[in-house]
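Novice: This is the structure I want to talk about, given as structure tokens.
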There are 6 protein chains.
Amino acid sequence: MQLGFVSAILPDLSLDEVLDFASSTGYTCVELMCWPVGKAERRYAGVTHIDAAALDASGAARVKEATAAAGVAISGLGYYPNALAADRAEGEVYIAHIRKVIEAAQLLGVPVVNTFIGRDFTRTVDENWPRFREVWPPLIRFAEDHGVRVAIENCPMSFTRDEWPGGKNLAHSPAVWRRMFEEIPSANFGLNYDPSHMVWQHMDYLKAIREFGSRIFHVHAKDVRVDRHKLDEVGILAFPLQFHTPKLPGLGDVDWGRFFSCLTDTGYNGPVCVEVEDRAYEGSLKLRKASLAQGHAYLRQFVVG
Amino acid sequence: MQLGFVSAILPDLSLDEVLDFASSTGYTCVELMCWPVGKAERRYAGVTHIDAAALDASGAARVKEATAAAGVAISGLGYYPNALAADRAEGEVYIAHIRKVIEAAQLLGVPVVNTFIGRDFTRTVDENWPRFREVWPPLIRFAEDHGVRVAIENCPMSFTRDEWPGGKNLAHSPAVWRRMFEEIPSANFGLNYDPSHMVWQHMDYLKAIREFGSRIFHVHAKDVRVDRHKLDEVGILAFPLQFHTPKLPGLGDVDWGRFFSCLTDTGYNGPVCVEVEDRAYEGSLKLRKASLAQGHAYLRQFVVG
Amino acid sequence: MQLGFVSAILPDLSLDEVLDFASSTGYTCVELMCWPVGKAERRYAGVTHIDAAALDASGAARVKEATAAAGVAISGLGYYPNALAADRAEGEVYIAHIRKVIEAAQLLGVPVVNTFIGRDFTRTVDENWPRFREVWPPLIRFAEDHGVRVAIENCPMSFTRDEWPGGKNLAHSPAVWRRMFEEIPSANFGLNYDPSHMVWQHMDYLKAIREFGSRIFHVHAKDVRVDRHKLDEVGILAFPLQFHTPKLPGLGDVDWGRFFSCLTDTGYNGPVCVEVEDRAYEGSLKLRKASLAQGHAYLRQFVVG
Amino acid sequence: MQLGFVSAILPDLSLDEVLDFASSTGYTCVELMCWPVGKAERRYAGVTHIDAAALDASGAARVKEATAAAGVAISGLGYYPNALAADRAEGEVYIAHIRKVIEAAQLLGVPVVNTFIGRDFTRTVDENWPRFREVWPPLIRFAEDHGVRVAIENCPMSFTRDEWPGGKNLAHSPAVWRRMFEEIPSANFGLNYDPSHMVWQHMDYLKAIREFGSRIFHVHAKDVRVDRHKLDEVGILAFPLQFHTPKLPGLGDVDWGRFFSCLTDTGYNGPVCVEVEDRAYEGSLKLRKASLAQGHAYLRQFVVG
Amino acid sequence: MQLGFVSAILPDLSLDEVLDFASSTGYTCVELMCWPVGKAERRYAGVTHIDAAALDASGAARVKEATAAAGVAISGLGYYPNALAADRAEGEVYIAHIRKVIEAAQLLGVPVVNTFIGRDFTRTVDENWPRFREVWPPLIRFAEDHGVRVAIENCPMSFTRDEWPGGKNLAHSPAVWRRMFEEIPSANFGLNYDPSHMVWQHMDYLKAIREFGSRIFHVHAKDVRVDRHKLDEVGILAFPLQFHTPKLPGLGDVDWGRFFSCLTDTGYNGPVCVEVEDRAYEGSLKLRKASLAQGHAYLRQFVVG
Amino acid sequence: MQLGFVSAILPDLSLDEVLDFASSTGYTCVELMCWPVGKAERRYAGVTHIDAAALDASGAARVKEATAAAGVAISGLGYYPNALAADRAEGEVYIAHIRKVIEAAQLLGVPVVNTFIGRDFTRTVDENWPRFREVWPPLIRFAEDHGVRVAIENCPMSFTRDEWPGGKNLAHSPAVWRRMFEEIPSANFGLNYDPSHMVWQHMDYLKAIREFGSRIFHVHAKDVRVDRHKLDEVGILAFPLQFHTPKLPGLGDVDWGRFFSCLTDTGYNGPVCVEVEDRAYEGSLKLRKASLAQGHAYLRQFVVG
């Protein structure tokens, strides 16, 4: 495995600065954000470390040189929009850019593009399914054609009122994954697995590794603390951020020893990228860098190399 | 305390038969269903053991004679509609009948009417609040004027697709209760407390007893089993019946010893009514009666009298 | 369900006395022991409340009259020899008597015969399999022909040095049951399920109910206490009785509420027979009777009727 | 075993009324309080169902007739003063009455006298030891001479400010019992074992049964709830009643199934007496009687006879 | 946050040697002991790395140079006497020196002085309260006047016979802290929070962080193992060191991941100082240094910088 | 303590390469394998980093120079055959080589030889005992004469069919150790303690440390994960590898914080050697080296030096 981080937490650094920081902190890879150049639409979104729409062969060559020089690989390209947005025109814009990111991955020789399935969050999984069947098979074929694998993060994207109730990503549970992979059995379609979302959804994140091990293409190391005293007030029907708190690895409820115990047994040998969404470390660039250093110090007892 | 049951499980028995069965099984009270005469709108609804709309003084006298003869008290009158239905006209019909049931309780000398707050289930708690403030203060004043207490059951009424996402009853958590009682601090406004709904919402049903003890006017003894193997598949964002199963007292996750331990310490001395919604016992009248006998055999180790 | 007990604990009572005691204690059924008349070969064996070899139509009629008079049904006939004993001649004697018991069940209109698969206990499961395939298909066909179901108890019969290491019954785990039922998919071949053996083998007795529910023909209510202080001394490789103690229901590690919770959900509606192997209650007939009365007092909170 | 109760909770009933109530509730024995006639010195003390000082042969005969008529045995005579009180004169008064109670037990043919060791509660165990060695050897010899066994309850008698810090009874832990029995190895010196005191002292009440099983002469069935939310406020250095609450059996933290599991394995076959100190049931004689009925309903699933 | 250690464990090193060791081991701060020069009165006391009584401006300048040169900050000055000793004259000596340490802190620009409240340990909290109200308000005003914050460690100072029963520091529980801060609401009065004392007092060390977060001025990272096998012998009424063992961070019952999870959420950004009182590492200076190196290696996975 | 590893995982490296790798990874000792030169008889056996049979004074001197140069000590010599093999002639060959290894240890100044007791695995512990009494007293006397201590690893050597049922090493439990040390009370006879074998045998690995602390001469840091989903299928009577998986330290069920907490309290100050038997890391030499680096990164938070 390779320890890395998600570059979204360092929007104020250039690509070279990101690679430099990764290298000096001991990380050997990084997931680079590929949002279209412009304004962020929500927290942790809108960061552009690779401008996929503008990337050409020479641009790709420059990126490859930079990563080789830093000794830091690109674990995947990340772009997490809502491809199934209720507004189809909006969804099409996202889909078009996903294609750009896939093309960029091919150009860069990066094996994986990380994203969401998306969802009309006012409707049920069943009600979203026809649109899933319309949008995703051609996208995955496109990825196949470009030799790129697509890894869907298992985040429900349902935290606060504005995403209530369904969240902006269908792929939030083993039941849905099973359905997705039955629908699209392509070997280029898999998961960007983040155990923290399993935890606050009260699901077993180890059992899922055993069943879906071969579908895990990328891993996010984020942690989460379920706040029982808050849950006792509001219950599981509340907006999820009312009862849980995202934290750095080692500061939440994930048992990382058991996590890597099961993960190693599947033969997984890919990237493990720290994703920082811990508000306690967001006050300054210095603190955000410190959080990545701490994540590395914590995880290296389970992952070397 | 007095052991009783909710009469909804015996729709095929007349009032006299219900009282007779209660008496012979060892129960000393019963919560009688007061749905308007007519067709049931959902499972466990639509049962009429007291026709509140038609009840007059002589009818009340007959009921009192029957309960006295059986040695079985009426713990409360039960009617559980959606008073805050999205369709206001529909809501008004329910509200009008709630008033009838309150009047019936006064006539019968029954201290408590059990019901729901209701909810436009497509909207959030906040969005429902204006309507709550409109409907409930006058209803509670009406109850005060009739010397009757209103006990709101803490059921979210959110189990399957047709109640998704919000459910048909706002009063599902301590956070909401606190808000309700701040809004309407009347001594006639309280809870019909059912620990099972706390369990599947992953809330502490003992802590709530300590805080809201003085607001508990009536108790439902229903149990529930959270099915972890199902929850591991679908997570807490699924329709709740996809991961839990209502069961008879003693066959679920409620620790009844601890429940009565805390309840007795609040000074609660009212009814505890078994509510059967365990599908394993619904096959026949014989089985439903057996389930009530079993509930009595189980609970009498914690409640005598 | 029907509460009963296994008659092996009352060898000093005649059939009529057994039925009379069952009736007066509140039991509605009993599993009757059918060992061949003669000497017991081990503790709890060798009891004959029905002499299957000698039973004829008039004998069966007398038994039926007695059970009808007492209001106590026969839940099953029990005979638990080692049909796969290393000594084939010995095994043939047992097999012949199993056939007699099946015939007796047909005569008596008893739906189930309870027994073991047997095992050459010096050999592995695999090594015993050829003999299983030889002995059991014809036996189950024989049962089919007589309209009787055969329920295999899931006891490993491995407790002390003389059964070491393999025990005298192959059918000790879900892995083996799965293999058995694949080999012989007959609807007349099932389990006499005793959760206590799951407990000391450190297996989940609830998960097994969910998977094998339709195969459960009969239930033994025995409990067991795993003695951690002893296990800490000897470990799981020791003879099993060095670290666990059979106990009455309610005095061991089985959570009977959860047990019946899962069992009722399978639709199981058959007998639940207390099996007493608790040495603390074996000192006298009085104590053994008291143990059965206590088992009834405990279980009736979960099973009525 | 025999189910009984401690008569201290019924000070307003005469001996005959106590026996009558025991009998009609299903109890087969009772521990009778033998405080000197006069004023109670603390809650639950000062009750006199047998006036030991005044008892003579004819009085004893009358008591025996009454118990025989009721079919209720006397499990033990109870008198719980502080024989090691700091004020020696005070202690001597208590010791003299303990002797009277022992004599009464002999007269009545009651096998056990239940009491405390006592303690100068301002001093440590070590500092009290010389006085223990002075007082108790002759007392136990006196009991031996009268064919009576002395059972020391394991209550620390340290609940509130006035007993702080040491409590009024040395015999509160296995470490002290070991020392006591080494000092006085008499077969007439043992324990009146109450698991609830082990619970709030955070000791294993099952391990102690295994080690001191042969010293258990009498059992008190009291339960206790450790209130974690209170303990979190004050910690274990607080007065103990600030963080725990005595409760009826089944309403506290004692696992009675495991308790009787271990107890039966020691061969214990004596009395198990419900001791009510649950404030929730002390409001009226009716409630106190109901509490004893409930205790019986709860415990009979573990103890029959 | 800054990782540091308490200098009391290195009494044989000079200030320069302490700073040098801190620096080379990776620590960025240190709490310096300020006992009056002379003999230690108890284990871990009596160490003088700053002679507060003798410190003047030039001495302070030298200390500042030394810390700057080493790149190691002073997290706080530590002096832990019993200001409320039963002997008032003795208490006054301690109070006078606390003032000296506050003055020294001002001179050195150190923000915090760490100490105890003290206690007449033969008396209850209530009985000590008048003396608390006499001694502490002027002391805190003195600290305010010097721009220094006083952080009270939450250690009960009750371990063995000589501190029995009350211990030498009132500030041992949330209940007492609440009372302290109500009495003296000064922003200069807070806690030097050590989770280990919460653990052996059986209190929730996370809940306390949530409530008292803004009062935490300094943190001690000590760990503790509650020895259940010893507790089972003696119970919580014993001298506390009879059932618990102080250990290095990571070798005890504190869950440091959860500890820092909650602590970071309060916004705490101050020092975290390893306090070594683990007897297993006290054999030699080499071992004591190794223990500090190990504490650093353990904690840096949760704290960077 | 000193962190090391067992050299068996690096059969393809020469002694010098092993020492060099240890040194560069941060290890300060290594247990060197001393199998006779030739073919391995099972996985992890057959490695020869010291050829004990051929070692002479000059060879020993060369080894000592190499270890001194690398700054890496030899924690012990390891040779783990079955000295009590059913075939006595085979056993004698093993015993003869154990003597060679003891002589080599003396020559090298290595304090400990690590091995197994052995066992005729088709027979019980009792049945093996006469042979134990024949073989081991002279072997331990031989070790005494050479100033070498013999540390028996507590591995049952029972994993798969070919070692079933008893395994190839008697010394698998505290019960057996007690018997061994009573039989041979020599101070040169002790344990090479590996907590992982305690875990899958369901024994308390901390309690054993408290009792046998003075007998622990050497420690293996291997971890293990009990796979409950597999155990639920097969139970503890299955071949042990059917329900557990050996893993690197930190990736299994051992709580290493508690392990070192108890171990340090015994005064143990010897080697702690990582033993890699985690199949997930056996794919290549690179991966095996990485596993040792990871083991070091994990354990150094508990062991420094």
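Order determines the names: the first chain of the structure tokens is A, the second B, and so forth; residues in each chain are numbered 1 upward, and ligands are numbered 1 upward as they are shown.
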DSSP says helix (DSSP H, G or I) for which residues of region 7-203 of chain E? Put them as a ChimeraX atom specification?

Specialist: /E:7-9,15-25,52-54,57-70,88-108,125-145,161-163,174-183,195-200

Novice: I need the strand (DSSP E or B) residues of region 47-294 of chain F per DSSP on the backbone, written as a PyMOL selection string.

Specialist: chain F and resi 48+73-78+112-115+149-153+189-193+216-221+223-226+244-247+271-274

Novice: Write out, as a short mmCIF file (atom, residue, chain, number, x, y, z; two decimals), in the first residue's frame, the residues just selected, with N, CA, C and O atoms.

Specialist:
data_model
loop_
_atom_site.label_atom_id
_atom_site.label_comp_id
_atom_site.auth_asym_id
_atom_site.auth_seq_id
_atom_site.Cartn_x
_atom_site.Cartn_y
_atom_site.Cartn_z
N THR F 48 18.48 -21.76 8.51
CA THR F 48 19.74 -21.90 9.25
C THR F 48 20.55 -20.62 9.16
O THR F 48 21.26 -20.41 8.17
N ALA F 73 22.06 -7.38 18.86
CA ALA F 73 22.33 -8.54 19.70
C ALA F 73 21.55 -9.76 19.23
O ALA F 73 20.55 -9.63 18.52
N ILE F 74 22.02 -10.94 19.63
CA ILE F 74 21.25 -12.16 19.38
C ILE F 74 20.37 -12.39 20.60
O ILE F 74 20.86 -12.61 21.70
N SER F 75 19.05 -12.30 20.42
CA SER F 75 18.14 -12.43 21.57
C SER F 75 18.05 -13.87 22.04
O SER F 75 17.84 -14.13 23.22
N GLY F 76 18.20 -14.79 21.09
CA GLY F 76 18.13 -16.20 21.43
C GLY F 76 18.40 -17.01 20.17
O GLY F 76 18.38 -16.48 19.06
N LEU F 77 18.70 -18.30 20.38
CA LEU F 77 18.81 -19.19 19.22
C LEU F 77 17.51 -19.98 19.13
O LEU F 77 16.99 -20.45 20.16
N GLY F 78 16.97 -20.14 17.94
CA GLY F 78 15.68 -20.78 17.79
C GLY F 78 15.74 -22.07 16.99
O GLY F 78 16.32 -22.10 15.90
N VAL F 112 19.69 -17.58 25.79
CA VAL F 112 18.45 -18.37 25.70
C VAL F 112 18.40 -19.20 24.42
O VAL F 112 18.79 -18.73 23.35
N VAL F 113 17.90 -20.43 24.58
CA VAL F 113 17.55 -21.25 23.42
C VAL F 113 16.02 -21.43 23.42
O VAL F 113 15.43 -21.82 24.43
N ASN F 114 15.40 -21.10 22.28
CA ASN F 114 13.94 -21.20 22.16
C ASN F 114 13.56 -22.47 21.42
O ASN F 114 14.11 -22.76 20.35
N THR F 115 12.58 -23.20 21.96
CA THR F 115 12.18 -24.45 21.32
C THR F 115 10.78 -24.86 21.77
O THR F 115 10.08 -24.07 22.42
N ARG F 149 19.62 -20.80 29.27
CA ARG F 149 18.23 -21.00 29.67
C ARG F 149 17.43 -21.49 28.46
O ARG F 149 17.67 -21.07 27.32
N VAL F 150 16.48 -22.38 28.72
CA VAL F 150 15.64 -22.91 27.64
C VAL F 150 14.24 -22.30 27.77
O VAL F 150 13.61 -22.39 28.83
N ALA F 151 13.81 -21.65 26.69
CA ALA F 151 12.50 -21.00 26.69
C ALA F 151 11.57 -21.74 25.73
O ALA F 151 11.85 -21.82 24.53
N ILE F 152 10.49 -22.28 26.29
CA ILE F 152 9.55 -23.07 25.49
C ILE F 152 8.46 -22.15 24.95
O ILE F 152 7.77 -21.48 25.71
N GLU F 153 8.29 -22.14 23.63
CA GLU F 153 7.21 -21.33 23.10
C GLU F 153 5.87 -22.01 23.39
O GLU F 153 5.75 -23.23 23.33
N PHE F 189 14.57 -23.15 33.07
CA PHE F 189 13.44 -23.68 32.29
C PHE F 189 12.32 -22.65 32.32
O PHE F 189 11.80 -22.31 33.40
N GLY F 190 11.96 -22.12 31.17
CA GLY F 190 10.94 -21.06 31.16
C GLY F 190 10.18 -21.01 29.86
O GLY F 190 10.10 -22.00 29.12
N LEU F 191 9.63 -19.84 29.58
CA LEU F 191 8.75 -19.68 28.43
C LEU F 191 9.27 -18.66 27.41
O LEU F 191 9.87 -17.66 27.78
N ASN F 192 9.00 -18.95 26.16
CA ASN F 192 9.12 -17.97 25.09
C ASN F 192 7.68 -17.59 24.78
O ASN F 192 6.97 -18.30 24.07
N TYR F 193 7.24 -16.50 25.39
CA TYR F 193 5.80 -16.21 25.49
C TYR F 193 5.28 -15.46 24.26
O TYR F 193 5.74 -14.37 23.94
N ILE F 216 9.06 -15.96 32.15
CA ILE F 216 9.15 -15.48 30.77
C ILE F 216 10.59 -15.06 30.47
O ILE F 216 11.10 -14.11 31.04
N PHE F 217 11.22 -15.80 29.57
CA PHE F 217 12.64 -15.57 29.23
C PHE F 217 12.76 -14.83 27.90
O PHE F 217 13.78 -14.24 27.60
N HIS F 218 11.74 -14.94 27.08
CA HIS F 218 11.80 -14.41 25.71
C HIS F 218 10.36 -14.15 25.30
O HIS F 218 9.44 -14.77 25.83
N VAL F 219 10.15 -13.19 24.39
CA VAL F 219 8.78 -12.87 23.95
C VAL F 219 8.70 -12.83 22.43
O VAL F 219 9.58 -12.25 21.78
N HIS F 220 7.69 -13.47 21.89
CA HIS F 220 7.38 -13.36 20.46
C HIS F 220 6.21 -12.41 20.28
O HIS F 220 5.16 -12.57 20.91
N ALA F 221 6.39 -11.41 19.42
CA ALA F 221 5.30 -10.47 19.13
C ALA F 221 4.63 -10.86 17.82
O ALA F 221 5.00 -10.40 16.74
N ASP F 223 0.66 -11.52 16.18
CA ASP F 223 -0.73 -11.18 16.45
C ASP F 223 -1.63 -12.17 15.72
O ASP F 223 -1.15 -12.96 14.90
N VAL F 224 -2.90 -12.12 16.03
CA VAL F 224 -3.81 -13.09 15.44
C VAL F 224 -5.21 -12.48 15.43
O VAL F 224 -5.57 -11.70 16.30
N ARG F 225 -5.93 -12.81 14.41
CA ARG F 225 -7.33 -12.35 14.34
C ARG F 225 -8.23 -13.58 14.38
O ARG F 225 -8.14 -14.46 13.52
N VAL F 226 -9.08 -13.64 15.41
CA VAL F 226 -10.08 -14.71 15.43
C VAL F 226 -11.20 -14.26 14.49
O VAL F 226 -11.77 -13.18 14.65
N HIS F 244 -8.96 -18.88 12.58
CA HIS F 244 -8.14 -17.74 12.95
C HIS F 244 -7.08 -17.49 11.89
O HIS F 244 -6.76 -18.37 11.09
N THR F 245 -6.53 -16.27 11.91
CA THR F 245 -5.56 -15.85 10.91
C THR F 245 -4.41 -15.14 11.61
O THR F 245 -4.62 -14.12 12.26
N PRO F 246 -3.18 -15.66 11.48
CA PRO F 246 -2.03 -14.96 12.07
C PRO F 246 -1.80 -13.63 11.35
O PRO F 246 -1.91 -13.57 10.12
N LYS F 247 -1.51 -12.59 12.11
CA LYS F 247 -1.31 -11.26 11.53
C LYS F 247 -0.12 -10.56 12.19
O LYS F 247 0.36 -10.96 13.24
N PRO F 271 14.14 -9.46 25.40
CA PRO F 271 13.82 -9.20 23.99
C PRO F 271 12.33 -9.40 23.68
O PRO F 271 11.65 -10.20 24.34
N VAL F 272 11.87 -8.65 22.69
CA VAL F 272 10.52 -8.79 22.14
C VAL F 272 10.69 -8.91 20.63
O VAL F 272 11.01 -7.93 19.96
N CYS F 273 10.51 -10.13 20.11
CA CYS F 273 10.84 -10.38 18.70
C CYS F 273 9.60 -10.57 17.85
O CYS F 273 8.80 -11.49 18.07
N VAL F 274 9.48 -9.70 16.85
CA VAL F 274 8.38 -9.83 15.90
C VAL F 274 8.51 -11.15 15.14
O VAL F 274 9.58 -11.45 14.61
#

Novice: Mind pulling up the distance from CA of Pro240 (chain D) to CA of Tyr94 (chain D)?

Specialist: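 Computed distance, CA of Tyr94 (chain D) to CA of Pro240 (chain D), equals 25.6 Å.
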
Novice: Quick one: everything within 12 Å of Ile209 (chain C), counting only C-alpha atoms, minus sequence neighbours fewer than 4 positions away in the same chain. Send it as a list in words.

Specialist: Pro174, Leu191, Asn192, Tyr193, Asp194, Pro195, Met198, Met203, Asp204, Tyr205, Gly213, Ser214, Arg215, Ile216, Phe217, Val219, Arg258, Phe259, Phe260, Ser261, Cys262, Leu263, Thr264, Asp265, Thr266, Gly267 and Tyr268 of chain C; Asp232 of chain F

Novice: Could you check how far CA of Ile9 (chain F) sits from CA of Gly26 (chain F), in Å to one decimal?

Specialist: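 Interatomic distance here is 17.0 Å.
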
Novice: Could you pull the residues within 9 Å of Val276 (chain B), counting only C-alpha atoms, minus those fewer than 2 positions along the same chain, as a PyMOL selection string?

Specialist: chain B and resi 5-6+8-9+221-223+246-249+274+278-279+281-282+288+291-292+295

Novice: Can you work out which residues from chain E touch chain D at a cut-off of 9 Å (counting only C-alpha atoms) and hand them back as a ChimeraX atom specification?

Specialist: /E:124,156,161,164-166,172-176,198,200-205,207-208,228-229,231-237

Novice: With C-alpha atoms retained, could you export that selection as a PDB file, in the first residue's frame?

Specialist:
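Final output, saved to selection.pdb:
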ATOM      1  CA  THR E 124     -15.355  16.037  54.048  1.00  0.00           C
ATOM      2  CA  PRO E 156      -7.477  13.381  44.596  1.00  0.00           C
ATOM      3  CA  ARG E 161      -3.105   5.111  54.346  1.00  0.00           C
ATOM      4  CA  TRP E 164      -6.905   8.447  53.914  1.00  0.00           C
ATOM      5  CA  PRO E 165      -9.744   9.029  53.463  1.00  0.00           C
ATOM      6  CA  GLY E 166     -10.146  12.377  51.789  1.00  0.00           C
ATOM      7  CA  HIS E 172     -11.088  15.639  42.274  1.00  0.00           C
ATOM      8  CA  SER E 173     -14.458  15.565  40.526  1.00  0.00           C
ATOM      9  CA  PRO E 174     -16.749  17.534  38.201  1.00  0.00           C
ATOM     10  CA  ALA E 175     -19.106  18.120  41.132  1.00  0.00           C
ATOM     11  CA  VAL E 176     -16.333  19.894  43.028  1.00  0.00           C
ATOM     12  CA  MET E 198     -10.918  10.167  36.228  1.00  0.00           C
ATOM     13  CA  TRP E 200      -9.555   5.089  38.593  1.00  0.00           C
ATOM     14  CA  GLN E 201     -12.321   7.126  40.186  1.00  0.00           C
ATOM     15  CA  HIS E 202     -14.619   5.445  37.615  1.00  0.00           C
ATOM     16  CA  MET E 203     -15.672   8.718  35.987  1.00  0.00           C
ATOM     17  CA  ASP E 204     -16.112   9.533  32.303  1.00  0.00           C
ATOM     18  CA  TYR E 205     -13.067  11.537  31.231  1.00  0.00           C
ATOM     19  CA  LYS E 207     -17.901  13.888  29.196  1.00  0.00           C
ATOM     20  CA  ALA E 208     -15.886  16.131  31.533  1.00  0.00           C
ATOM     21  CA  ARG E 228      -9.755  -5.734  38.287  1.00  0.00           C
ATOM     22  CA  HIS E 229      -8.314  -8.813  39.980  1.00  0.00           C
ATOM     23  CA  LEU E 231     -10.379  -4.565  42.896  1.00  0.00           C
ATOM     24  CA  ASP E 232     -12.309  -7.832  43.174  1.00  0.00           C
ATOM     25  CA  GLU E 233     -10.409  -8.502  46.379  1.00  0.00           C
ATOM     26  CA  VAL E 234     -10.703  -5.151  48.111  1.00  0.00           C
ATOM     27  CA  GLY E 235     -13.419  -3.040  46.451  1.00  0.00           C
ATOM     28  CA  ILE E 236     -13.543   0.700  45.928  1.00  0.00           C
ATOM     29  CA  LEU E 237     -13.519   1.463  49.645  1.00  0.00           C
TER      30      LEU E 237
END

Novice: Please compute the CA of Arg99 (chain A)-CA of Tyr80 (chain A) distance, one decimal, in Å.

Specialist: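 According to the coordinates, CA of Arg99 (chain A) and CA of Tyr80 (chain A) are separated by 12.5 Å.
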
Novice: Find the residues around Asn128 (chain B) up to 10 Å (only C-alpha atoms counted), leave out those fewer than 3 positions away in its own chain, and share them as a list in words.

Specialist: Leu84, Ala85, Ala86, Gly118, Arg119, Asp120, Phe121, Thr122, Arg123, Thr124, Val125, Arg131, Phe132, Arg133 and Leu170 of chain B
